[in-house]
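Asker: Below is the file input-v2.txt, with compact mmCIF, C-alpha atoms (C1' of nucleotides).
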```txt
# COMPACT_ATOMS: atom_id res chain seq x y z
CA MET S 18 152.13 65.18 -51.87
CA THR S 19 149.90 63.32 -49.43
CA GLU S 20 149.98 63.84 -45.70
CA HIS S 21 151.63 60.47 -45.33
CA GLU S 22 154.31 61.28 -47.89
CA LEU S 23 155.00 64.53 -46.08
CA GLN S 24 155.52 62.67 -42.81
CA GLN S 25 157.83 60.23 -44.51
CA THR S 26 159.82 62.99 -46.20
CA LEU S 27 160.26 64.86 -42.94
CA ARG S 28 161.45 61.71 -41.14
CA ASP S 29 163.84 60.90 -43.97
CA ARG S 30 165.33 64.34 -43.62
CA GLY S 31 165.66 64.00 -39.85
CA GLN S 32 163.07 66.70 -39.32
CA ARG S 33 160.11 66.52 -37.01
CA VAL S 34 156.51 65.80 -37.75
CA THR S 35 154.61 68.49 -35.89
CA PRO S 36 150.92 69.32 -35.81
CA GLN S 37 151.77 72.74 -37.24
CA ARG S 38 153.41 71.24 -40.30
CA ILE S 39 150.58 68.80 -40.86
CA LEU S 40 147.95 71.47 -40.45
CA ILE S 41 149.71 73.96 -42.68
CA HIS S 42 149.98 71.29 -45.34
CA ARG S 43 146.27 70.61 -44.98
CA ALA S 44 145.39 74.32 -45.02
CA ILE S 45 147.25 74.84 -48.29
CA GLY S 46 145.40 71.96 -49.89
CA GLU S 47 142.05 73.18 -48.65
CA LEU S 48 142.59 76.80 -49.63
CA ASP S 49 143.67 75.54 -53.03
CA ARG S 50 144.66 78.96 -54.34
CA HIS S 51 147.41 81.56 -54.25
CA ALA S 52 147.45 82.45 -50.57
CA SER S 53 149.56 84.74 -48.43
CA ALA S 54 151.22 83.64 -45.19
CA GLU S 55 148.56 85.58 -43.30
CA GLU S 56 145.80 83.72 -45.10
CA VAL S 57 147.39 80.39 -44.39
CA LEU S 58 147.69 81.37 -40.75
CA ALA S 59 144.03 82.36 -40.61
CA ARG S 60 143.05 78.96 -41.94
CA VAL S 61 145.37 77.08 -39.62
CA SER S 62 144.17 79.10 -36.65
CA GLU S 63 140.71 77.56 -36.99
CA SER S 64 142.08 74.30 -35.71
CA LEU S 65 145.18 75.54 -33.91
CA PRO S 66 144.40 78.94 -32.38
CA ASN S 67 147.89 79.65 -31.08
CA ALA S 68 149.73 79.10 -34.34
CA ALA S 69 152.15 81.92 -35.11
CA LEU S 70 153.17 83.73 -38.27
CA PRO S 71 156.89 82.95 -38.02
CA THR S 72 156.00 79.28 -37.96
CA VAL S 73 153.92 79.69 -41.10
CA TYR S 74 156.74 81.52 -42.87
CA ALA S 75 159.30 78.90 -41.89
CA THR S 76 157.02 76.06 -42.90
CA LEU S 77 156.12 77.54 -46.28
CA GLU S 78 159.82 77.90 -47.03
CA LEU S 79 160.38 74.32 -46.00
CA PHE S 80 157.53 73.18 -48.24
CA GLU S 81 158.98 75.19 -51.10
CA GLU S 82 162.24 73.32 -50.65
CA LEU S 83 160.30 70.06 -50.76
CA GLY S 84 158.69 71.15 -54.02
CA MET S 85 155.23 71.22 -52.49
CA VAL S 86 154.47 74.88 -53.12
CA ARG S 87 155.72 77.61 -55.41
CA ARG S 88 156.54 81.05 -54.15
CA VAL S 89 155.07 83.90 -56.17
CA SER S 90 156.63 87.27 -55.34
CA THR S 91 154.91 89.93 -57.35
CA GLY S 92 156.13 93.15 -55.80
CA VAL S 93 152.54 94.25 -55.22
CA GLY S 94 151.24 93.01 -51.89
CA PRO S 95 152.61 90.09 -49.92
CA THR S 96 154.30 87.02 -51.35
CA LEU S 97 151.79 84.39 -52.39
CA TRP S 98 152.16 80.63 -52.16
CA ASP S 99 150.85 78.45 -54.94
CA PRO S 100 149.82 74.84 -54.30
CA ARG S 101 150.10 74.05 -58.01
CA THR S 102 153.65 73.01 -58.80
CA ASP S 103 153.24 71.94 -62.41
CA ASP S 104 154.38 74.04 -65.35
CA HIS S 105 152.25 77.17 -65.49
CA GLN S 106 152.74 80.90 -65.14
CA HIS S 107 150.92 83.88 -63.62
CA THR S 108 149.31 87.19 -64.37
CA VAL S 109 149.56 89.96 -61.79
CA CYS S 110 147.28 92.95 -61.62
CA ARG S 111 149.40 96.00 -60.95
CA SER S 112 146.44 97.72 -59.34
CA CYS S 113 144.84 95.21 -56.97
CA GLY S 114 147.61 92.61 -56.82
CA ALA S 115 145.37 89.74 -57.96
CA VAL S 116 147.35 86.76 -59.23
CA GLU S 117 145.82 84.33 -61.72
CA ASP S 118 147.12 81.20 -63.36
CA LEU S 119 148.26 81.43 -66.93
CA ASP S 120 148.46 78.07 -68.62
CA VAL S 121 151.15 78.73 -71.14
CA GLY S 122 154.23 76.61 -71.32
CA ILE S 123 157.66 78.17 -71.36
CA ASP S 124 160.70 76.13 -72.21
CA ALA S 125 162.08 76.25 -68.70
CA GLU S 126 164.92 73.84 -69.43
CA ARG S 127 166.25 76.09 -72.15
CA LEU S 128 166.19 79.04 -69.78
CA LEU S 129 167.84 77.16 -66.94
CA ARG S 130 170.53 75.94 -69.31
CA ALA S 131 171.19 79.47 -70.52
CA ALA S 132 171.38 80.75 -66.96
CA ARG S 133 173.84 78.01 -66.00
CA ARG S 134 176.29 79.13 -68.66
CA GLY S 135 177.58 81.87 -66.39
CA GLY S 136 178.12 79.55 -63.42
CA PHE S 137 174.72 80.31 -61.97
CA ARG S 138 173.12 77.28 -60.28
CA ALA S 139 169.63 77.74 -61.72
CA ASP S 140 166.73 75.73 -60.36
CA SER S 141 163.53 77.56 -61.16
CA ALA S 142 161.98 79.86 -63.73
CA GLU S 143 159.06 82.10 -62.89
CA LEU S 144 157.27 84.19 -65.44
CA LEU S 145 154.92 87.00 -64.49
CA VAL S 146 152.73 88.83 -66.98
CA GLY S 147 151.90 92.24 -65.59
CA GLY S 148 148.97 94.47 -66.40
CA LEU S 149 145.47 95.25 -65.18
CA CYS S 150 142.88 92.61 -64.41
CA ALA S 151 139.49 92.85 -66.11
CA ARG S 152 137.96 94.43 -63.04
CA CYS S 153 140.65 97.10 -62.49
CA ALA S 154 140.80 97.97 -66.21
CA HIS S 155 137.06 98.88 -65.95
CA MET B 1 165.88 108.50 -73.80
CA THR B 2 168.02 111.61 -73.79
CA GLU B 3 167.71 114.37 -71.24
CA HIS B 4 166.17 116.57 -73.87
CA GLU B 5 163.61 113.95 -74.82
CA LEU B 6 162.71 113.53 -71.18
CA GLN B 7 162.09 117.26 -70.85
CA GLN B 8 159.95 117.23 -73.96
CA THR B 9 157.96 114.21 -72.79
CA LEU B 10 157.29 115.78 -69.41
CA ARG B 11 156.12 119.01 -71.01
CA ASP B 12 153.91 117.12 -73.44
CA ARG B 13 152.29 115.37 -70.50
CA GLY B 14 151.79 118.64 -68.66
CA GLN B 15 154.24 117.58 -65.99
CA ARG B 16 157.06 119.66 -64.63
CA VAL B 17 160.72 119.55 -65.44
CA THR B 18 162.44 119.54 -62.06
CA PRO B 19 166.10 119.22 -61.15
CA GLN B 20 165.20 116.06 -59.21
CA ARG B 21 163.78 114.37 -62.29
CA ILE B 22 166.70 115.41 -64.46
CA LEU B 23 169.24 114.26 -61.90
CA ILE B 24 167.52 110.96 -61.24
CA HIS B 25 167.48 110.35 -64.98
CA ARG B 26 171.18 111.12 -65.10
CA ALA B 27 171.95 108.95 -62.05
CA ILE B 28 170.26 105.94 -63.61
CA GLY B 29 172.29 106.36 -66.77
CA GLU B 30 175.51 106.76 -64.86
CA LEU B 31 174.93 103.83 -62.50
CA ASP B 32 174.08 101.76 -65.57
CA ARG B 33 173.05 98.68 -63.58
CA HIS B 34 170.23 97.18 -61.56
CA ALA B 35 169.94 99.67 -58.73
CA SER B 36 167.64 100.05 -55.75
CA ALA B 37 165.84 103.28 -54.89
CA GLU B 38 168.34 103.77 -52.05
CA GLU B 39 171.25 103.45 -54.44
CA VAL B 40 169.73 105.91 -56.85
CA LEU B 41 169.20 108.31 -53.96
CA ALA B 42 172.82 107.94 -52.86
CA ARG B 43 173.97 108.84 -56.36
CA VAL B 44 171.60 111.77 -56.70
CA SER B 45 172.58 113.04 -53.26
CA GLU B 46 176.09 113.75 -54.53
CA SER B 47 174.75 116.65 -56.52
CA LEU B 48 171.52 117.33 -54.64
CA PRO B 49 172.14 116.63 -50.95
CA ASN B 50 168.55 117.18 -49.80
CA ALA B 51 166.90 114.81 -52.24
CA ALA B 52 164.45 112.49 -50.53
CA LEU B 53 163.53 108.85 -50.94
CA PRO B 54 159.82 109.40 -51.63
CA THR B 55 160.82 111.59 -54.56
CA VAL B 56 163.05 108.84 -55.90
CA TYR B 57 160.28 106.26 -55.60
CA ALA B 58 157.75 108.51 -57.31
CA THR B 59 160.18 109.38 -60.08
CA LEU B 60 161.19 105.79 -60.76
CA GLU B 61 157.53 104.88 -61.10
CA LEU B 62 157.04 107.77 -63.48
CA PHE B 63 160.04 106.67 -65.51
CA GLU B 64 158.68 103.15 -65.62
CA GLU B 65 155.46 104.51 -67.07
CA LEU B 66 157.51 106.35 -69.68
CA GLY B 67 159.26 103.09 -70.58
CA MET B 68 162.64 104.40 -69.44
CA VAL B 69 163.30 101.76 -66.78
CA ARG B 70 162.09 98.30 -65.93
CA ARG B 71 161.08 97.34 -62.43
CA VAL B 72 162.59 94.06 -61.19
CA SER B 73 160.87 92.75 -58.05
CA THR B 74 162.62 89.62 -56.94
CA GLY B 75 161.23 88.97 -53.50
CA VAL B 76 164.74 88.93 -52.07
CA GLY B 77 165.88 92.41 -51.08
CA PRO B 78 164.51 95.66 -52.42
CA THR B 79 162.98 96.21 -55.85
CA LEU B 80 165.64 96.96 -58.43
CA TRP B 81 165.38 99.31 -61.39
CA ASP B 82 166.89 98.32 -64.69
CA PRO B 83 168.01 100.95 -67.20
CA ARG B 84 167.95 98.34 -70.00
CA THR B 85 164.49 98.23 -71.50
CA ASP B 86 165.14 95.90 -74.43
CA ASP B 87 164.09 92.25 -74.47
CA HIS B 88 166.11 90.39 -71.86
CA GLN B 89 165.51 88.50 -68.65
CA HIS B 90 167.17 88.10 -65.23
CA THR B 91 168.70 85.62 -62.88
CA VAL B 92 168.21 86.13 -59.14
CA CYS B 93 170.40 84.61 -56.48
CA ARG B 94 168.16 83.35 -53.71
CA SER B 95 170.98 83.75 -51.23
CA CYS B 96 172.51 87.19 -51.85
CA GLY B 97 169.81 88.71 -54.03
CA ALA B 98 172.18 89.50 -56.89
CA VAL B 99 170.38 90.12 -60.18
CA GLU B 100 172.13 89.53 -63.50
CA ASP B 101 171.02 89.95 -67.07
CA LEU B 102 170.06 86.86 -68.99
CA ASP B 103 170.06 87.42 -72.72
CA VAL B 104 167.49 84.90 -73.77
CA GLY B 105 164.49 85.89 -75.77
CA ILE B 106 161.03 84.85 -74.72
CA ASP B 107 158.10 85.25 -77.05
CA ALA B 108 156.51 87.99 -75.01
CA GLU B 109 153.80 88.70 -77.56
CA ARG B 110 152.57 85.15 -77.35
CA LEU B 111 152.41 85.38 -73.57
CA LEU B 112 150.65 88.72 -73.57
CA ARG B 113 148.13 87.40 -76.08
CA ALA B 114 147.43 84.37 -73.90
CA ALA B 115 147.01 86.56 -70.83
CA ARG B 116 144.58 88.84 -72.68
CA ARG B 117 142.24 85.96 -73.41
CA GLY B 118 140.78 86.20 -69.92
CA GLY B 119 140.13 89.94 -70.19
CA PHE B 120 143.42 90.78 -68.52
CA ARG B 121 144.99 93.96 -69.95
CA ALA B 122 148.54 92.63 -70.18
CA ASP B 123 151.41 94.98 -70.90
CA SER B 124 154.61 93.36 -69.70
CA ALA B 125 156.22 89.99 -69.20
CA GLU B 126 159.04 89.47 -66.73
CA LEU B 127 160.91 86.24 -66.38
CA LEU B 128 163.12 85.45 -63.41
CA VAL B 129 165.39 82.44 -63.23
CA GLY B 130 166.04 81.64 -59.58
CA GLY B 131 168.95 79.76 -58.06
CA LEU B 132 172.34 80.43 -56.53
CA CYS B 133 174.95 82.66 -58.10
CA ALA B 134 178.42 81.24 -58.69
CA ARG B 135 179.73 82.90 -55.55
CA CYS B 136 176.96 81.73 -53.19
CA ALA B 137 176.98 78.19 -54.63
CA HIS B 138 180.69 77.99 -53.52
C1' DC Z 17 149.12 133.15 -58.95
C1' DT Z 18 147.96 128.33 -59.44
C1' DT Z 19 149.08 123.70 -59.13
C1' DT Z 20 152.48 120.30 -59.03
C1' DT Z 21 156.33 118.57 -56.78
C1' DT Z 22 159.26 118.18 -53.03
C1' DG Z 23 161.18 117.08 -48.30
C1' DC Z 24 160.32 115.64 -43.89
C1' DA Z 25 158.35 112.90 -40.40
C1' DA Z 26 155.59 109.43 -39.32
C1' DA Z 27 152.92 105.36 -40.57
C1' DT Z 28 152.33 101.05 -42.68
C1' DG Z 29 152.99 96.34 -44.22
C1' DA Z 30 155.59 92.27 -44.68
C1' DT Z 31 158.92 89.57 -43.01
C1' DT Z 32 162.67 88.26 -39.82
C1' DT Z 33 165.14 87.76 -35.49
C1' DG Z 34 166.13 86.58 -30.61
C1' DC Z 35 165.08 83.88 -27.15
C1' DA Z 36 162.81 81.27 -23.56
C1' DT Z 37 159.56 77.42 -23.62
C1' DT Z 38 157.61 73.37 -25.48
C1' DA Z 39 157.35 69.08 -27.52
C1' DA Z 40 159.33 65.40 -30.95
C1' DC Z 41 162.04 61.71 -31.00
C1' DG Y 12 167.46 63.63 -22.13
C1' DT Y 13 168.60 66.12 -26.52
C1' DT Y 14 167.65 68.88 -30.01
C1' DA Y 15 164.53 70.85 -33.18
C1' DA Y 16 160.47 73.58 -33.51
C1' DT Y 17 157.28 76.81 -31.73
C1' DG Y 18 155.16 81.21 -29.92
C1' DC Y 19 155.73 85.71 -28.56
C1' DA Y 20 157.54 90.23 -28.66
C1' DA Y 21 160.34 93.23 -30.72
C1' DA Y 22 163.23 94.60 -34.58
C1' DT Y 23 164.11 95.41 -39.28
C1' DC Y 24 163.55 96.62 -43.97
C1' DA Y 25 161.20 98.57 -47.91
C1' DT Y 26 157.84 101.44 -49.20
C1' DT Y 27 153.98 104.74 -48.72
C1' DT Y 28 151.28 108.51 -46.79
C1' DG Y 29 150.05 113.15 -45.05
C1' DC Y 30 151.01 117.58 -45.18
C1' DA Y 31 153.16 122.12 -45.15
C1' DA Y 32 156.66 124.58 -47.79
C1' DA Y 33 158.94 125.36 -52.13
C1' DA Y 34 159.23 126.08 -56.92
C1' DA Y 35 157.68 125.34 -61.89
C1' DG Y 36 154.98 127.22 -65.36
```
In structure tokens, how does this file's structure come out?
Answerer:
Amino acid sequence: MTEHELQQTLRDRGQRVTPQRILIHRAIGELDRHASAEEVLARVSESLPNAALPTVYATLELFEELGMVRRVSTGVGPTLWDPRTDDHQHTVCRSCGAVEDLDVGIDAERLLRAARRGGFRADSAELLVGGLCARCAH
Amino acid sequence: MTEHELQQTLRDRGQRVTPQRILIHRAIGELDRHASAEEVLARVSESLPNAALPTVYATLELFEELGMVRRVSTGVGPTLWDPRTDDHQHTVCRSCGAVEDLDVGIDAERLLRAARRGGFRADSAELLVGGLCARCAH
DNA sequence: CTTTTTGCAAATGATTTGCATTAAC
DNA sequence: GTTAATGCAAATCATTTGCAAAAAG
């Protein structure tokens, strides 16, 4: 999503276009990797020194809702936010917490359909492959 | 794994058979559902009032290593521990955090193989379908 | 008797909440 | 002007750590 599309989307939703939102959007694009809220804040702080963590958290959640980022909760270390929203999965190192992309398709539609059978309103499927990264495995 | 097998396994590994470990094993079997460390402690406390949370955490991790439980980190609420270790997946309600079993096979071997290509020592694959449970969706 | 395991208290890390102030619209 | 969004401080929640005491082998 471009900066302009973001502005349009926010206006369409009756939400405000703030410098924080624009800069967080830009920071995510520039970091271009799985980043924690803290890391996003650090980047944003370069241009907006008073930016606050709660704002970053709220904004990342908003962006997730807009389909602009994917949340990756691994259980080891903080939640990471992924700027890639296309179909791909992740590996997670149990030791150092490193998250890497795994370009393997899963039939998400089939899984969502199965989940919906029980009345569950499914909207996403996240697959994590756990183990030890090359470095931590020695 | 039976209680007797657990005792044998611990001895084989040179680890000690303690009442805490036996009772936590029993509690997991009795609860027979996705339970948090706190919930396991509550159950264990019925028979061992002084049991402590750090012991429960350490023991659940040990049991995970022994393949007796599966860790389910959802990012909403505490980590849950699943006594079912056969091939199945989970749904997670983004609103209330409820975790339910999803009996859909995924070709885990294929995923692990793909993950290993990059030198990653993969050993598990966890799939979470996110959305809203029937209750939270209205 | 040696070493692991436990319980307790305190620390840590991540995230969320309350609320007065600021700034979009 | 109104209302949403922000920043700050403090609270909360889950988990981990340090360490002395207890207990398994």
Asker: What are the residues of chain S that have an atom within 9 Å of an atom of chain B, counting all atoms listed in the file, as a ChimeraX atom specification?
Answerer: /S:89-93,96,107-110,119-121,123,125,128-129,131-132,135-152,154
Asker: Take the residues just selected and output them with C-alpha atoms as a short mmCIF file (atom, residue, chain, number, x, y, z; two decimals), in the frame of the given file.
Answerer:
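part_18.cif, freshly written:
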```cif
data_model
loop_
_atom_site.label_atom_id
_atom_site.label_comp_id
_atom_site.auth_asym_id
_atom_site.auth_seq_id
_atom_site.Cartn_x
_atom_site.Cartn_y
_atom_site.Cartn_z
CA VAL S 89 155.07 83.90 -56.17
CA SER S 90 156.63 87.27 -55.34
CA THR S 91 154.91 89.93 -57.35
CA GLY S 92 156.13 93.15 -55.80
CA VAL S 93 152.54 94.25 -55.22
CA THR S 96 154.30 87.02 -51.35
CA HIS S 107 150.92 83.88 -63.62
CA THR S 108 149.31 87.19 -64.37
CA VAL S 109 149.56 89.96 -61.79
CA CYS S 110 147.28 92.95 -61.62
CA LEU S 119 148.26 81.43 -66.93
CA ASP S 120 148.46 78.07 -68.62
CA VAL S 121 151.15 78.73 -71.14
CA ILE S 123 157.66 78.17 -71.36
CA ALA S 125 162.08 76.25 -68.70
CA LEU S 128 166.19 79.04 -69.78
CA LEU S 129 167.84 77.16 -66.94
CA ALA S 131 171.19 79.47 -70.52
CA ALA S 132 171.38 80.75 -66.96
CA GLY S 135 177.58 81.87 -66.39
CA GLY S 136 178.12 79.55 -63.42
CA PHE S 137 174.72 80.31 -61.97
CA ARG S 138 173.12 77.28 -60.28
CA ALA S 139 169.63 77.74 -61.72
CA ASP S 140 166.73 75.73 -60.36
CA SER S 141 163.53 77.56 -61.16
CA ALA S 142 161.98 79.86 -63.73
CA GLU S 143 159.06 82.10 -62.89
CA LEU S 144 157.27 84.19 -65.44
CA LEU S 145 154.92 87.00 -64.49
CA VAL S 146 152.73 88.83 -66.98
CA GLY S 147 151.90 92.24 -65.59
CA GLY S 148 148.97 94.47 -66.40
CA LEU S 149 145.47 95.25 -65.18
CA CYS S 150 142.88 92.61 -64.41
CA ALA S 151 139.49 92.85 -66.11
CA ARG S 152 137.96 94.43 -63.04
CA ALA S 154 140.80 97.97 -66.21
#
```
Asker: Give me the residues within 12 Å of S:Glu22 as a VMD selection string, counting all atoms listed in the file and dropping any in the same chain fewer than 5 places off.
Answerer: chain S and resid 27 to 29 34 39 42 83 85
Asker: Write out the coordinates of chain B as an mmCIF file with C-alpha atoms, keeping the file's coordinate frame after a least-squares overlay onto chain S built on all ordered Cα pairs.
Answerer:
```cif
data_model
loop_
_atom_site.group_PDB
_atom_site.id
_atom_site.type_symbol
_atom_site.label_atom_id
_atom_site.label_comp_id
_atom_site.auth_asym_id
_atom_site.auth_seq_id
_atom_site.Cartn_x
_atom_site.Cartn_y
_atom_site.Cartn_z
ATOM 1 C CA MET B 1 152.115 65.169 -51.808
ATOM 2 C CA THR B 2 149.893 63.321 -49.379
ATOM 3 C CA GLU B 3 149.984 63.823 -45.643
ATOM 4 C CA HIS B 4 151.608 60.453 -45.272
ATOM 5 C CA GLU B 5 154.288 61.264 -47.817
ATOM 6 C CA LEU B 6 154.994 64.506 -46.021
ATOM 7 C CA GLN B 7 155.492 62.645 -42.751
ATOM 8 C CA GLN B 8 157.803 60.187 -44.444
ATOM 9 C CA THR B 9 159.806 62.942 -46.130
ATOM 10 C CA LEU B 10 160.242 64.818 -42.870
ATOM 11 C CA ARG B 11 161.411 61.686 -41.086
ATOM 12 C CA ASP B 12 163.805 60.857 -43.904
ATOM 13 C CA ARG B 13 165.305 64.315 -43.557
ATOM 14 C CA GLY B 14 165.611 63.949 -39.801
ATOM 15 C CA GLN B 15 163.044 66.666 -39.268
ATOM 16 C CA ARG B 16 160.096 66.494 -36.943
ATOM 17 C CA VAL B 17 156.492 65.785 -37.698
ATOM 18 C CA THR B 18 154.586 68.500 -35.860
ATOM 19 C CA PRO B 19 150.891 69.317 -35.799
ATOM 20 C CA GLN B 20 151.767 72.750 -37.217
ATOM 21 C CA ARG B 21 153.403 71.251 -40.288
ATOM 22 C CA ILE B 22 150.582 68.791 -40.845
ATOM 23 C CA LEU B 23 147.935 71.468 -40.453
ATOM 24 C CA ILE B 24 149.705 73.961 -42.675
ATOM 25 C CA HIS B 25 149.972 71.259 -45.319
ATOM 26 C CA ARG B 26 146.265 70.606 -44.962
ATOM 27 C CA ALA B 27 145.385 74.324 -45.025
ATOM 28 C CA ILE B 28 147.242 74.835 -48.287
ATOM 29 C CA GLY B 29 145.382 71.951 -49.870
ATOM 30 C CA GLU B 30 142.050 73.183 -48.623
ATOM 31 C CA LEU B 31 142.576 76.817 -49.629
ATOM 32 C CA ASP B 32 143.654 75.528 -53.036
ATOM 33 C CA ARG B 33 144.655 78.959 -54.353
ATOM 34 C CA HIS B 34 147.397 81.558 -54.264
ATOM 35 C CA ALA B 35 147.459 82.443 -50.589
ATOM 36 C CA SER B 36 149.577 84.727 -48.441
ATOM 37 C CA ALA B 37 151.236 83.623 -45.210
ATOM 38 C CA GLU B 38 148.568 85.585 -43.316
ATOM 39 C CA GLU B 39 145.807 83.729 -45.109
ATOM 40 C CA VAL B 40 147.392 80.389 -44.401
ATOM 41 C CA LEU B 41 147.692 81.383 -40.751
ATOM 42 C CA ALA B 42 144.028 82.385 -40.620
ATOM 43 C CA ARG B 43 143.052 78.974 -41.958
ATOM 44 C CA VAL B 44 145.356 77.079 -39.630
ATOM 45 C CA SER B 45 144.150 79.127 -36.671
ATOM 46 C CA GLU B 46 140.699 77.575 -37.013
ATOM 47 C CA SER B 47 142.068 74.319 -35.713
ATOM 48 C CA LEU B 48 145.168 75.560 -33.901
ATOM 49 C CA PRO B 49 144.361 78.958 -32.388
ATOM 50 C CA ASN B 50 147.864 79.689 -31.082
ATOM 51 C CA ALA B 51 149.713 79.111 -34.328
ATOM 52 C CA ALA B 52 152.126 81.919 -35.107
ATOM 53 C CA LEU B 53 153.167 83.709 -38.265
ATOM 54 C CA PRO B 54 156.893 82.940 -38.009
ATOM 55 C CA THR B 55 156.000 79.255 -37.958
ATOM 56 C CA VAL B 56 153.925 79.678 -41.096
ATOM 57 C CA TYR B 57 156.743 81.493 -42.879
ATOM 58 C CA ALA B 58 159.303 78.876 -41.885
ATOM 59 C CA THR B 59 157.009 76.039 -42.898
ATOM 60 C CA LEU B 60 156.138 77.522 -46.276
ATOM 61 C CA GLU B 61 159.835 77.879 -47.014
ATOM 62 C CA LEU B 62 160.378 74.285 -45.993
ATOM 63 C CA PHE B 63 157.528 73.170 -48.222
ATOM 64 C CA GLU B 64 158.988 75.150 -51.086
ATOM 65 C CA GLU B 65 162.246 73.279 -50.631
ATOM 66 C CA LEU B 66 160.296 70.025 -50.739
ATOM 67 C CA GLY B 67 158.690 71.116 -54.015
ATOM 68 C CA MET B 68 155.216 71.190 -52.476
ATOM 69 C CA VAL B 69 154.481 74.864 -53.141
ATOM 70 C CA ARG B 70 155.736 77.588 -55.412
ATOM 71 C CA ARG B 71 156.573 81.031 -54.131
ATOM 72 C CA VAL B 72 155.087 83.888 -56.181
ATOM 73 C CA SER B 73 156.663 87.259 -55.354
ATOM 74 C CA THR B 74 154.940 89.917 -57.369
ATOM 75 C CA GLY B 75 156.152 93.143 -55.848
ATOM 76 C CA VAL B 76 152.570 94.228 -55.252
ATOM 77 C CA GLY B 77 151.281 92.997 -51.903
ATOM 78 C CA PRO B 78 152.634 90.071 -49.943
ATOM 79 C CA THR B 79 154.339 86.999 -51.380
ATOM 80 C CA LEU B 80 151.808 84.379 -52.394
ATOM 81 C CA TRP B 81 152.169 80.615 -52.160
ATOM 82 C CA ASP B 82 150.875 78.445 -54.947
ATOM 83 C CA PRO B 83 149.826 74.846 -54.301
ATOM 84 C CA ARG B 84 150.115 74.065 -58.038
ATOM 85 C CA THR B 85 153.655 73.007 -58.800
ATOM 86 C CA ASP B 86 153.235 71.937 -62.421
ATOM 87 C CA ASP B 87 154.385 74.039 -65.368
ATOM 88 C CA HIS B 88 152.274 77.182 -65.499
ATOM 89 C CA GLN B 89 152.744 80.911 -65.167
ATOM 90 C CA HIS B 90 150.906 83.885 -63.620
ATOM 91 C CA THR B 91 149.315 87.187 -64.380
ATOM 92 C CA VAL B 92 149.580 89.962 -61.789
ATOM 93 C CA CYS B 93 147.287 92.945 -61.623
ATOM 94 C CA ARG B 94 149.402 96.001 -60.939
ATOM 95 C CA SER B 95 146.437 97.711 -59.343
ATOM 96 C CA CYS B 96 144.850 95.176 -56.973
ATOM 97 C CA GLY B 97 147.626 92.601 -56.835
ATOM 98 C CA ALA B 98 145.399 89.739 -57.962
ATOM 99 C CA VAL B 99 147.363 86.749 -59.246
ATOM 100 C CA GLU B 100 145.820 84.324 -61.731
ATOM 101 C CA ASP B 101 147.116 81.200 -63.377
ATOM 102 C CA LEU B 102 148.267 81.441 -66.951
ATOM 103 C CA ASP B 103 148.461 78.072 -68.635
ATOM 104 C CA VAL B 104 151.154 78.744 -71.156
ATOM 105 C CA GLY B 105 154.234 76.630 -71.332
ATOM 106 C CA ILE B 106 157.657 78.191 -71.389
ATOM 107 C CA ASP B 107 160.701 76.146 -72.239
ATOM 108 C CA ALA B 108 162.098 76.281 -68.743
ATOM 109 C CA GLU B 109 164.926 73.871 -69.479
ATOM 110 C CA ARG B 110 166.239 76.125 -72.190
ATOM 111 C CA LEU B 111 166.181 79.085 -69.823
ATOM 112 C CA LEU B 112 167.845 77.213 -66.998
ATOM 113 C CA ARG B 113 170.538 76.000 -69.380
ATOM 114 C CA ALA B 114 171.197 79.547 -70.565
ATOM 115 C CA ALA B 115 171.384 80.805 -66.990
ATOM 116 C CA ARG B 116 173.850 78.054 -66.057
ATOM 117 C CA ARG B 117 176.306 79.188 -68.700
ATOM 118 C CA GLY B 118 177.560 81.944 -66.420
ATOM 119 C CA GLY B 119 178.121 79.588 -63.484
ATOM 120 C CA PHE B 120 174.721 80.369 -62.019
ATOM 121 C CA ARG B 121 173.147 77.321 -60.329
ATOM 122 C CA ALA B 122 169.654 77.793 -61.742
ATOM 123 C CA ASP B 123 166.765 75.764 -60.393
ATOM 124 C CA SER B 124 163.548 77.581 -61.203
ATOM 125 C CA ALA B 125 162.006 79.883 -63.757
ATOM 126 C CA GLU B 126 159.067 82.115 -62.917
ATOM 127 C CA LEU B 127 157.270 84.206 -65.457
ATOM 128 C CA LEU B 128 154.919 87.020 -64.518
ATOM 129 C CA VAL B 129 152.726 88.833 -66.998
ATOM 130 C CA GLY B 130 151.894 92.256 -65.591
ATOM 131 C CA GLY B 131 148.956 94.493 -66.413
ATOM 132 C CA LEU B 132 145.468 95.254 -65.173
ATOM 133 C CA CYS B 133 142.890 92.608 -64.396
ATOM 134 C CA ALA B 134 139.499 92.840 -66.085
ATOM 135 C CA ARG B 135 137.970 94.409 -62.997
ATOM 136 C CA CYS B 136 140.634 97.094 -62.446
ATOM 137 C CA ALA B 137 140.792 97.957 -66.165
ATOM 138 C CA HIS B 138 137.033 98.867 -65.895
#
```
Asker: List as a ChimeraX atom specification the protein and nucleic acid residues near stretch 17-30 of chain Y, meaning an atom at most 10 Å away when all atoms listed in the file are counted, but skip any in the same chain fewer than 5 places from it.
Answerer: /S:35,37,67-72 /B:37-38,53-54,57,77-79 /Z:24-39
Asker: Considering all atoms listed in the file, return as a list in words whatever protein or nucleic-acid residues lie within 12 Å of S:Glu56, sequence-local ones (same chain, fewer than 4 positions apart) excluded.
Answerer: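 The residues that qualify are Ile41, Ala44, Ile45, Glu47, Leu48, Asp49, Arg50, His51, Ala52, Arg60, Val61, Ser62, Glu63, Ala69, Leu70, Val73, Tyr74, Pro95, Thr96, Leu97 and Trp98 of chain S.
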Asker: For atom CA of S:Val57 and atom CA of S:Asp104, quote the distance in Å rounded to one decimal.
Answerer: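 Atom CA of S:Val57 sits 23.0 Å away from atom CA of S:Asp104.
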Asker: Find the distance between atom CA of B:Leu48 and atom CA of B:Met1 and write it in Å to one decimal.
Answerer: 21.8 Å
